[in-house]
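Heads up, the thing below is written out as C-alpha cells.
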Amino acid sequence: MDEYGKIRIEGYIGRLIENCIGNGVMAADYQPFIKAFQEKLDSEGLFCGEFWGKWFTSAALAYEYNPRPEYFKKLEDAVEGLLAAQEEDGRISASKEDFTPWDIWGRKYALLGLLAYYDLTRSGRVLEAAKRMADQLISKTTGDGGRRISDTGLEALRGLSSCSVLQPFVLLYERTEKERYLSYAENLVASWSLPSAYSPEGLRLLEQAVPGCIPAEIAAPKGYEIMSCYAGVLDLYRVTGKKQYLDAVTAYMEAVVEREIMITGSGSSGELWCEGRLRQTQVLESPMETCVTATYMMLCRKLLEVTHDVKWAERLEVSLFNALAGAMKPDGSWWAYFSPLQGRRVLSQVQIEEMNTSCCVANGPRALLEVPKWSVTSLPDGIAVNLYQEGRYRTEFNGLPFVFRQETDYPSGSTVRLYLEQVPGEEMTLSLRIPAWAEHTEVRIGSEMFYPAAGTYCEMRGRWRKYTEIQIDFHTELRIVTAPGSTNEKALMWGSLVLAMDRRDVEEAPKSLWLMNDAMKPIHDTQMELDYYPVQSIRQESARPIAERVEKKDALVAFRVKFLRRPIHFFHHETEELLFRDYASCGNDFTEESAIRTWFSVPMYCSEIFPKDSEHVIRGTVEEEPPLDKEDKS
C-alpha cells in the first residue's frame, strides 16, 4: 500500500503521526540512550536506562507504520549498540550494581525493545540475547540467595516500578514457549500477596482490584507505574486464560475511569492518583502526566483487544483527540510533561541533561504510534472499525484481506464514508463503532438504513461486495457537560472533542456572564418596554448551548458561544459571545500567553478566566521566594 504498512491514516491524526515520526522519534539522537548502558549511568540512582527501550519501541512502531530503509537502519544500529553492552552472564543494565532504585525498571524497557525488534525481524540472535538477559535476572531474584523483585526499586513506590517487569516476561514466554518465563511471571504476581520490604501487608494488587475499589488507596498511587503492572497482569490473562487476572484489571480500570479520568481522557496530579475526576475543576499541581495518558491508553487498547468491548475504544478516542493530541507540540518535536484543564500550557523540561529528553517526551510517541493498532481490530466473526479518520486500512479475516478507504473530516465533521476495496469471499460481520454521544446516528448502505444505538457497535453481517459504499452520519451537536460532583461547573463538547477558551482569543474583564442554553427565552415586558431573560432553575437548564460555528486557524473546531450579562434583575440584559475551540489547539504555541480554561462556573467572573501565574503549579516546580526585607525578622 504505497510506501506504508497495512494502514495509512491521513487527516488530522495522520498529520500528528507523520510529525511525531519525522520531527520527533526518528529525529532523536538515540546514542545517549545506548551510552547509559555502556557507561552505567544509573549507578547513582538515575533512570537513564528507561530511555533506550521507550525510544526503541516508538521507533519500531514508526517503522512498522512507515517501513522506510533509513528507519530500519536506525533500529539495527540501536540494537547493536545495546547488545554491545550485554555482559558475559547475559546482564543488560544501566547500573554497575544490581538493584539500584531504577535498575529493574530500565531493564524492563530494554527487554521490551529487544522483543519489539524480534517481532519485526524474527532475529534469533536478538531473541537469544533477550533470553540470556531474562535468565540472568531470574538467577538474581530467585532461590535462597536471590532478592525478590518486590523488594527492589523505590520505597516511595513500594517496588511498583520493578514489579512492572512482569510484562516483558510474559511476552518472552509467548515468543519462546519456555515455561520458566511463565512460571517466573506467575510467581512474581503471587509475591504481591506476601509481605515485602516496602509493603508489610504486601502490594495485594489483585486482591484490592475489585468492583468499587479506590485506585488512590491501592499500593502506591503512582498512576504510571501501577498501570504498568496491571498491563502485565492482562498479558498474563491472555496466555493463561485465568479469569482472576482479567477480573482484577477490568475492575481496576473501571475504577480509574470512575474516580480518576478527567474530561480530556487522562488523570493524575503530581503524577499520582488523587480522585481527580471529582477535583478536575480546580487548578491541580502538575496535572495529567503524559506518561499516565500513554499508559492508560495502552491498557484501554489491551482491554479492547481482549474483551472486544466498545467502551474501551470510546475511551481511547477521547484520550487521543484531547489529552494526547494536546500534549504534543504541533510539529511533533517535543511534548508536554503535564497538561492542565485550566492554567498555562508548558512544554516538558529536560530531566537528565545527558539524555536530552524526559520520560514523557519519550512516552508520548508510543501512545500515538499505537493508534493504527486499535483503529481497526479483529473480532471472532469479523472486524471492528474503531477510529474514523481519512485513510486506507488493511486487515484480515480468516487469513483473507479486507481493505477499505475512509473519506471523512471527523471529528470536526459528522459524516464518514467507507469504500470497500477488497473483501474476503466469505460471510463476516463488519462492526462500526457508534460513539456514546451519537444518539441520532444513521448508517446507509445503498437503499438500506440502520439506526444503531449510541455507545455500541453497529453490527452488519453478510458476504460483502467489492466497491460497497457505507455512509455514517453521526449528527454531532454541541453540548453542555456538568462536572462530576459540581452542578455549577460546566464545560462544552463537540462529539468527542472537549472545548476550551484560549487567552489569545478571549479578553478578560470585570463582569459576570451566564452560559446561555436553548431553553432560555427572552420575555418582553410591555409595561417597561424592555426584554429580559428570567432566571432559570437548574432543572430548567438545557444541555444545548446557543452557539455559532466559525473558522479558526489551526483549530479543528471553533464556536462563538453566547453568554448573558445580567447586572440586575430585569434591566440591561445583554448577550455576549466568547470563542471556544478544541482543547488540543488551545495554548498549543506553549508561550507565556498559552493559558487555557476548560471548566468554568455559571456565572463566570470574567476578570479571572485564566489562572494567573500558574506556570510553577503546572510544572510542579517551586517558585523561588523573594528575599526577606532586612527589617523583616519573621
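Each chain in the C-alpha cells gets a letter, A, B, ..., in the order shown, and its residues are numbered from 1; ligands are numbered from 1 in order too.
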What are the DSSP strand (DSSP E) residues of range 354-557 of chain A, as number ranges by chain?
A: 376-379, 382-385, 391-397, 400-408, 415-422, 428-434, 442-445, 448-450, 456-462, 469-473, 478-483, 486-494, 497-502, 512-515, 523-525, 530-532, 547-550
If we count only C-alpha atoms and set the cut-off at 6 Å, which residues sit around range 484-500 of chain A, ignoring sequence neighbours fewer than 6 positions away in its own chain? Please answer as a CSV table (one decimal) with C-alpha atoms, in the first residue's frame.
chain,number,residue,atom,x,y,z
A,278,LEU,CA,-14.0,14.9,41.3
A,318,VAL,CA,-11.5,10.7,23.9
A,476,THR,CA,-22.9,15.8,16.0
A,478,LEU,CA,-22.5,20.9,20.7
A,580,PHE,CA,-14.3,28.2,22.3
A,581,ARG,CA,-12.0,25.9,20.3
A,582,ASP,CA,-11.0,22.3,20.6
A,583,TYR,CA,-8.8,21.6,23.7
A,597,ARG,CA,-9.7,27.2,30.6
A,598,THR,CA,-11.9,24.2,30.2
A,599,TRP,CA,-14.3,24.1,33.1
A,600,PHE,CA,-16.0,27.4,34.1
A,601,SER,CA,-18.5,28.5,36.7
A,602,VAL,CA,-22.0,29.7,35.9
If DSSP is run on the backbone, what residues of range 247-348 of chain A are helix (DSSP H, G or I)? A reply as a PyMOL selection string would be ideal.
chain A and resi 247-259+276-279+290-307+310-327
Val239 in chain A: which residues within 9 Å, counting only C-alpha atoms, same-chain residues fewer than 2 positions away excluded, as a PyMOL selection string?
chain A and resi 170+173-174+182+235-237+241-242
Show which residues sit within 10 Å of Glu258 in chain A, as a count of residues only. Count only C-alpha atoms, and ignore same-chain residues fewer than 2 positions away.
17
What lies within 12 Å of Pro200 in chain A using only C-alpha atoms, ignoring chain neighbours under 2 positions off, as a PyMOL selection string?
chain A and resi 150-151+155+158+192-198+202-204+219
Please save C-alpha atoms of the selected residues as an mmCIF file, in the first residue's frame.
data_model
loop_
_atom_site.group_PDB
_atom_site.id
_atom_site.type_symbol
_atom_site.label_atom_id
_atom_site.label_comp_id
_atom_site.auth_asym_id
_atom_site.auth_seq_id
_atom_site.Cartn_x
_atom_site.Cartn_y
_atom_site.Cartn_z
ATOM 1 C CA SER A 150 9.052 -6.752 45.058
ATOM 2 C CA ASP A 151 11.896 -5.905 47.468
ATOM 3 C CA GLU A 155 10.458 2.680 48.674
ATOM 4 C CA ARG A 158 6.609 0.326 47.174
ATOM 5 C CA TRP A 192 2.467 -9.330 45.583
ATOM 6 C CA SER A 193 0.252 -11.063 48.148
ATOM 7 C CA LEU A 194 3.181 -11.516 50.554
ATOM 8 C CA PRO A 195 4.843 -9.017 52.893
ATOM 9 C CA SER A 196 7.753 -7.229 51.225
ATOM 10 C CA ALA A 197 10.469 -4.781 52.155
ATOM 11 C CA TYR A 198 8.319 -1.792 51.263
ATOM 12 C CA GLY A 202 2.031 -6.888 50.571
ATOM 13 C CA LEU A 203 1.135 -4.960 47.424
ATOM 14 C CA ARG A 204 -2.062 -7.019 47.015
ATOM 15 C CA ALA A 219 -0.365 0.132 46.912
#
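CA of Asp381 in chain A to CA of Leu418 in chain A spans 19.6 Å [interatomic distance, one decimal].
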